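This report concerns only the one structure given below.
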Amino acid sequence: MEFEMIAKTFQGLENVLAEELTQLGANNIKIGRRMVSYTGDQEMLYRSNFCLRTAIRVLKPIKHFRATSADEVYEAVKAIDWTQYLSNDTTFAVDSVVYSTEFRHSKFVAYKVKDAIVDQFRENTGNRPNIRVSNPDIQLNMHIAEYDCTLSLDSSGESLHRRGYRQEAVEAPLNEVLAAGIILMTGWRGEADFIDPMCGSGTLPIEATLISRNIAPGVFRKSFAFERWADFDAELFDKIYNDDSQEREFLHHAYGYDNNRAAVAIAGQNVKAAGLTNDITIEFQDFKDFTQPAEKSIIVTNPPYGERIKPEDLLGLYKMIGGQFKHQFVDNEAWVLSYREECFDAIGLKSSLKVPLYNGSLECELRKYQMFSGRYNEVRSEGRQIKSEADRRQMAQKRRFKERRAFKQGLDESDEEFKARTERPRRFDREDRPRRADRDGRPRRFDGDERPRRFDRDGRKSGGFKKGGRDLKPRDYKKGNGRRYED
Ligand SMILES: C[S@@+](CC[C@H](N)C(=O)[O-])C[C@H]1O[C@@H](n2cnc3c(N)ncnc32)[C@H](O)[C@@H]1O
């Protein structure tokens, strides 16, 4: 049976997500603001969670309705037969995201939804299901745009950017969803060496290698919310989990360098946890010492922006980057995610593509630099293409993005996207790492330098996170004290 689904993403990644969904075989794909809606069956729902690299979460709408007051929301929610989804023994939680002049407080809307559900159970059974904010059995998502309301089941649970391989993070790690989106935008799929000369915790080389080998990002996850649904089809999900028929070899190699020894150690641990040590080399190296690689290569990197990591000479750093591209990366292309115009200016090279992308709360740009052995004018006079057709199409997105700039102010603190951008990655040590198999109480071995292998459910391995990090309150973030997810 086909039903509607909504995959949420970061602003600027909607087209990449739609492309991923097309490849997955989704139907009726429609691009929206920070989301893509589509239809498919149960298998599509599971595959979306397991395979999509640029989705933050996947929702399954259960009711669309219009409401002009909180009481109308209450009545509409109470009219749903909740026994389809919940029982007195199920715990649930409600998240709400509101962009409306009528409904100003998302928490109040969430209370109304909870009240309606609890009241229905109490009236019918004399008892009620429990509300549990962390790790509930059923997570509901209420979205209101002016008077249009959508109530959905959240099929993902923990944000999908939490792949499960990250052991430690550096000061300003790139969100995994954003990293994957950037790589997919470059068009690179593994046909040349991949280099991040300022790799921090190694997110870009790891996501790149997963892409090149076509390894589903969900293979590292401990669990998905849909596994607790009453209609969960374990056999179907096992089939998806165990299907590695689409995986392929990475015929080139990925390199991550950093001039911070702590970052190099962390990136090494993350690569090991992802089981990718054969494909990725992590080394200590200042980019100023980088020399022309022998193999055809691509650089994708996000240098410090001076927001969180503050190099002494920020513009000098960018000048050096430009010089290295020009002299040590000849006949290759480099992609840089950065924030300040003056940083890009300091690179001193003409970019052939500029793609706007939000990184945390910062409206950044991803710029592409194509280095030729000849001078730019000579290259043009020879009629060599600098901007490809794909580049031109991507450039057209920029206008669309700018038109939506006002939306930045509307970013709701309760929105999962907001949380995904601002959440601090949690740390865990190996002993505390939750394992999939804990559910049946059987201990599992973890040999570290191995990506989880595909076993049957009882034998499935997993990564995960210990709940150790301080959860950032949106309030801190607003004051500017909060940690930005990225630099
Ligand atoms: C914004 S962080 C990169 C984060 C990374 N993408 C991640 O996901 O963790 C920038 C990194 O550049 C590194 N860096 C700064 N100057 C450098 C240089 N001259 N050579 C190499 N790395 C440098 C910093 O140590 C830092 O780890």
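The chains in the structure tokens are called A, B, ... from first to last as shown; in each chain the residues are counted from 1, and the ligands are counted from 1 in the order shown.
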Pull the alpha helix (DSSP H) assignments for range 72-131 of chain A out of DSSP run on the backbone, and list those residues as an NGL selection string. :A and (72-78 or 106-125)
Taking only C-alpha atoms and all ligand atoms and a cut-off of 9 Å, can you tell me which residues surround ligand 1, written as an MDAnalysis selection string? chainID A and resid 169:176 179 196:205 257:264 266:267 284:290 301:305 308:309 311 314 317 320:321 338 486:487
If you run DSSP over the backbone, which residues in range 3-224 of chain A end up strand (DSSP E or B)? Put them as a PyMOL selection string. chain A and resi 3-8+27-31+35-40+57-66+91-99+130-131+138-145+148-154+193-196
Store the residues of this selection in a file with C-alpha atoms, as a PDB file, in the first residue's frame.
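Full text of selection.pdb as output:
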```pdb
ATOM      1  CA  PHE A   3       1.301   6.248   1.567  1.00  0.00           C
ATOM      2  CA  GLU A   4       2.753   9.721   1.904  1.00  0.00           C
ATOM      3  CA  MET A   5       6.157  10.367   3.470  1.00  0.00           C
ATOM      4  CA  ILE A   6       8.121  13.521   4.218  1.00  0.00           C
ATOM      5  CA  ALA A   7      11.915  13.525   4.397  1.00  0.00           C
ATOM      6  CA  LYS A   8      13.323  16.586   6.151  1.00  0.00           C
ATOM      7  CA  ASN A  27       6.882   8.156  -6.338  1.00  0.00           C
ATOM      8  CA  ASN A  28       5.239  11.597  -6.489  1.00  0.00           C
ATOM      9  CA  ILE A  29       8.392  13.407  -5.352  1.00  0.00           C
ATOM     10  CA  LYS A  30       7.727  17.052  -4.500  1.00  0.00           C
ATOM     11  CA  ILE A  31      10.390  19.439  -3.299  1.00  0.00           C
ATOM     12  CA  MET A  35      11.789  18.845   2.956  1.00  0.00           C
ATOM     13  CA  VAL A  36      10.804  16.540   0.152  1.00  0.00           C
ATOM     14  CA  SER A  37       7.444  14.744   0.130  1.00  0.00           C
ATOM     15  CA  TYR A  38       6.881  11.512  -1.753  1.00  0.00           C
ATOM     16  CA  THR A  39       4.907   8.311  -1.687  1.00  0.00           C
ATOM     17  CA  GLY A  40       5.895   4.694  -1.351  1.00  0.00           C
ATOM     18  CA  ARG A  57      14.363  12.397   9.512  1.00  0.00           C
ATOM     19  CA  VAL A  58      11.499  10.698   7.742  1.00  0.00           C
ATOM     20  CA  LEU A  59       7.918  11.419   8.761  1.00  0.00           C
ATOM     21  CA  LYS A  60       4.749   9.483   7.953  1.00  0.00           C
ATOM     22  CA  PRO A  61       1.799  11.898   7.990  1.00  0.00           C
ATOM     23  CA  ILE A  62      -1.352  10.441   9.550  1.00  0.00           C
ATOM     24  CA  LYS A  63      -3.639  13.458   9.287  1.00  0.00           C
ATOM     25  CA  HIS A  64      -3.728  16.778   7.440  1.00  0.00           C
ATOM     26  CA  PHE A  65      -6.259  19.321   8.702  1.00  0.00           C
ATOM     27  CA  ARG A  66      -6.885  23.048   9.033  1.00  0.00           C
ATOM     28  CA  THR A  91       4.969   5.715  25.815  1.00  0.00           C
ATOM     29  CA  PHE A  92       4.806   8.648  23.448  1.00  0.00           C
ATOM     30  CA  ALA A  93       6.089  12.184  22.931  1.00  0.00           C
ATOM     31  CA  VAL A  94       5.026  15.070  20.719  1.00  0.00           C
ATOM     32  CA  ASP A  95       7.331  17.444  18.901  1.00  0.00           C
ATOM     33  CA  SER A  96       5.842  20.482  17.260  1.00  0.00           C
ATOM     34  CA  VAL A  97       7.073  22.909  14.664  1.00  0.00           C
ATOM     35  CA  VAL A  98       5.020  26.034  14.139  1.00  0.00           C
ATOM     36  CA  TYR A  99       5.243  28.789  11.552  1.00  0.00           C
ATOM     37  CA  ASN A 130       2.493   7.612  29.411  1.00  0.00           C
ATOM     38  CA  ILE A 131       4.379  10.545  28.008  1.00  0.00           C
ATOM     39  CA  ILE A 138       6.105   6.526  19.525  1.00  0.00           C
ATOM     40  CA  GLN A 139       7.339   9.979  18.526  1.00  0.00           C
ATOM     41  CA  LEU A 140       4.721  12.262  16.975  1.00  0.00           C
ATOM     42  CA  ASN A 141       5.442  15.372  14.983  1.00  0.00           C
ATOM     43  CA  MET A 142       2.994  18.237  14.634  1.00  0.00           C
ATOM     44  CA  HIS A 143       3.725  20.768  11.906  1.00  0.00           C
ATOM     45  CA  ILE A 144       1.678  23.944  11.504  1.00  0.00           C
ATOM     46  CA  ALA A 145       2.170  26.394   8.640  1.00  0.00           C
ATOM     47  CA  ASP A 148      -2.422  24.032   7.793  1.00  0.00           C
ATOM     48  CA  CYS A 149      -1.662  21.279  10.235  1.00  0.00           C
ATOM     49  CA  THR A 150       0.051  17.943   9.618  1.00  0.00           C
ATOM     50  CA  LEU A 151       0.339  15.324  12.303  1.00  0.00           C
ATOM     51  CA  SER A 152       2.939  12.673  11.542  1.00  0.00           C
ATOM     52  CA  LEU A 153       4.589   9.640  13.025  1.00  0.00           C
ATOM     53  CA  ASP A 154       8.343  10.151  13.184  1.00  0.00           C
ATOM     54  CA  ASP A 193      41.198  10.258  -4.999  1.00  0.00           C
ATOM     55  CA  PHE A 194      39.355  12.306  -2.383  1.00  0.00           C
ATOM     56  CA  ILE A 195      41.277  14.739  -0.172  1.00  0.00           C
ATOM     57  CA  ASP A 196      40.204  16.860   2.777  1.00  0.00           C
TER      58      ASP A 196
END
```
Go through range 139-185 of chain A and flag each residue having an atom no more than 12 Å from range 206-217 of chain A; for those, report the closest pair of atoms plus their distance in Å to one decimal, using only C-alpha atoms, ordered by chain and rising number, as JSON lines.
```
{"residue": "A:Leu160", "atom": "CA", "partner": "A:Pro217", "partner_atom": "CA", "distance": 8.7}
{"residue": "A:His161", "atom": "CA", "partner": "A:Pro217", "partner_atom": "CA", "distance": 9.0}
{"residue": "A:Arg162", "atom": "CA", "partner": "A:Pro217", "partner_atom": "CA", "distance": 9.4}
{"residue": "A:Arg163", "atom": "CA", "partner": "A:Pro217", "partner_atom": "CA", "distance": 6.1}
{"residue": "A:Gly164", "atom": "CA", "partner": "A:Pro217", "partner_atom": "CA", "distance": 8.7}
{"residue": "A:Tyr165", "atom": "CA", "partner": "A:Ile206", "partner_atom": "CA", "distance": 9.3}
{"residue": "A:Arg166", "atom": "CA", "partner": "A:Ile206", "partner_atom": "CA", "distance": 9.9}
{"residue": "A:Leu174", "atom": "CA", "partner": "A:Glu207", "partner_atom": "CA", "distance": 10.8}
{"residue": "A:Asn175", "atom": "CA", "partner": "A:Glu207", "partner_atom": "CA", "distance": 10.5}
{"residue": "A:Glu176", "atom": "CA", "partner": "A:Glu207", "partner_atom": "CA", "distance": 7.1}
{"residue": "A:Val177", "atom": "CA", "partner": "A:Glu207", "partner_atom": "CA", "distance": 8.8}
{"residue": "A:Leu178", "atom": "CA", "partner": "A:Glu207", "partner_atom": "CA", "distance": 9.8}
{"residue": "A:Ala179", "atom": "CA", "partner": "A:Glu207", "partner_atom": "CA", "distance": 6.7}
{"residue": "A:Ala180", "atom": "CA", "partner": "A:Glu207", "partner_atom": "CA", "distance": 5.6}
{"residue": "A:Gly181", "atom": "CA", "partner": "A:Glu207", "partner_atom": "CA", "distance": 9.4}
{"residue": "A:Ile182", "atom": "CA", "partner": "A:Ala208", "partner_atom": "CA", "distance": 9.6}
{"residue": "A:Ile183", "atom": "CA", "partner": "A:Ala208", "partner_atom": "CA", "distance": 6.5}
{"residue": "A:Leu184", "atom": "CA", "partner": "A:Ile211", "partner_atom": "CA", "distance": 8.1}
{"residue": "A:Met185", "atom": "CA", "partner": "A:Ala208", "partner_atom": "CA", "distance": 11.5}
```
Contacts of Val77 in chain A within 9 Å, only C-alpha atoms, excl. fewer than 2 positions in-chain, as a list of chain:residue names: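 Within the cut-off, the hits are A:Lys63, A:Glu72, A:Val73, A:Tyr74, A:Glu75, A:Ala79, A:Ile80, A:Asp81, A:Trp82, A:Lys112, A:Val113, A:Lys114, A:Ala116, A:Ile117, A:Leu151.
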Using C-alpha atoms, can you write the selected residues to a file as a PDB file, in the first residue's frame?
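The resulting file, again_39.pdb, is shown below:
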```
ATOM      1  CA  LYS A  63      -3.639  13.458   9.287  1.00  0.00           C
ATOM      2  CA  GLU A  72      -9.622  23.009  16.899  1.00  0.00           C
ATOM      3  CA  VAL A  73      -6.249  21.258  16.971  1.00  0.00           C
ATOM      4  CA  TYR A  74      -7.405  19.370  20.074  1.00  0.00           C
ATOM      5  CA  GLU A  75     -10.663  18.264  18.434  1.00  0.00           C
ATOM      6  CA  ALA A  79     -10.987  12.448  16.279  1.00  0.00           C
ATOM      7  CA  ILE A  80      -8.149  10.110  15.210  1.00  0.00           C
ATOM      8  CA  ASP A  81      -8.511   6.496  16.349  1.00  0.00           C
ATOM      9  CA  TRP A  82      -5.355   6.340  18.447  1.00  0.00           C
ATOM     10  CA  LYS A 112      -2.875  20.229  23.131  1.00  0.00           C
ATOM     11  CA  VAL A 113      -1.982  17.211  20.998  1.00  0.00           C
ATOM     12  CA  LYS A 114      -0.916  15.235  24.083  1.00  0.00           C
ATOM     13  CA  ALA A 116      -6.292  15.070  23.059  1.00  0.00           C
ATOM     14  CA  ILE A 117      -4.609  11.654  22.914  1.00  0.00           C
ATOM     15  CA  LEU A 151       0.339  15.324  12.303  1.00  0.00           C
TER      16      LEU A 151
END
```
Using only C-alpha atoms, which residues sit within 9 Å of Lys368 in chain A once same-chain residues fewer than 6 positions away are excluded, as number ranges by chain? A: 186, 333-336, 350-355
Keeping only N, CA and C atoms, take the residues you just selected and write them out as an mmCIF file, in the first residue's frame.
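To be explicit, this is the file written out as again-v6.cif:
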```cif
data_model
loop_
_atom_site.group_PDB
_atom_site.id
_atom_site.type_symbol
_atom_site.label_atom_id
_atom_site.label_comp_id
_atom_site.auth_asym_id
_atom_site.auth_seq_id
_atom_site.Cartn_x
_atom_site.Cartn_y
_atom_site.Cartn_z
ATOM 1 N N THR A 186 29.036 17.714 -5.500
ATOM 2 C CA THR A 186 30.237 17.847 -6.329
ATOM 3 C C THR A 186 30.184 16.901 -7.532
ATOM 4 N N GLU A 333 40.045 19.730 -9.266
ATOM 5 C CA GLU A 333 39.057 20.685 -8.748
ATOM 6 C C GLU A 333 38.988 20.613 -7.236
ATOM 7 N N ALA A 334 38.683 21.776 -6.636
ATOM 8 C CA ALA A 334 38.580 21.859 -5.178
ATOM 9 C C ALA A 334 37.266 22.547 -4.818
ATOM 10 N N TRP A 335 36.642 22.079 -3.745
ATOM 11 C CA TRP A 335 35.384 22.653 -3.270
ATOM 12 C C TRP A 335 35.600 23.124 -1.839
ATOM 13 N N VAL A 336 35.217 24.367 -1.576
ATOM 14 C CA VAL A 336 35.437 24.934 -0.243
ATOM 15 C C VAL A 336 34.113 25.420 0.326
ATOM 16 N N LYS A 350 39.259 32.542 -9.098
ATOM 17 C CA LYS A 350 37.883 32.691 -9.558
ATOM 18 C C LYS A 350 37.167 31.347 -9.397
ATOM 19 N N SER A 351 35.985 31.379 -8.751
ATOM 20 C CA SER A 351 35.260 30.112 -8.599
ATOM 21 C C SER A 351 34.314 29.935 -9.780
ATOM 22 N N SER A 352 34.099 28.678 -10.153
ATOM 23 C CA SER A 352 33.205 28.429 -11.288
ATOM 24 C C SER A 352 31.791 28.146 -10.819
ATOM 25 N N LEU A 353 31.599 27.981 -9.522
ATOM 26 C CA LEU A 353 30.270 27.678 -8.993
ATOM 27 C C LEU A 353 30.178 28.141 -7.544
ATOM 28 N N LYS A 354 29.032 28.731 -7.202
ATOM 29 C CA LYS A 354 28.791 29.125 -5.805
ATOM 30 C C LYS A 354 27.425 28.575 -5.411
ATOM 31 N N VAL A 355 27.408 27.735 -4.395
ATOM 32 C CA VAL A 355 26.127 27.166 -3.948
ATOM 33 C C VAL A 355 25.881 27.606 -2.508
#
```
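You can rank A:Glu227, A:Gly32, A:Leu24, A:Ala294 by their closest distance to Gln11 in chain A using only C-alpha atoms, and at the top of that list sits A:Gly32.
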Determine, counting only C-alpha atoms, which protein, DNA and RNA residues have an atom within 10 Å of an atom of Ser87 in chain A; residues of the same chain fewer than 2 positions away are not included. Present the result as a PyMOL selection string. chain A and resi 82-85+89-92+121+125+127-130+230
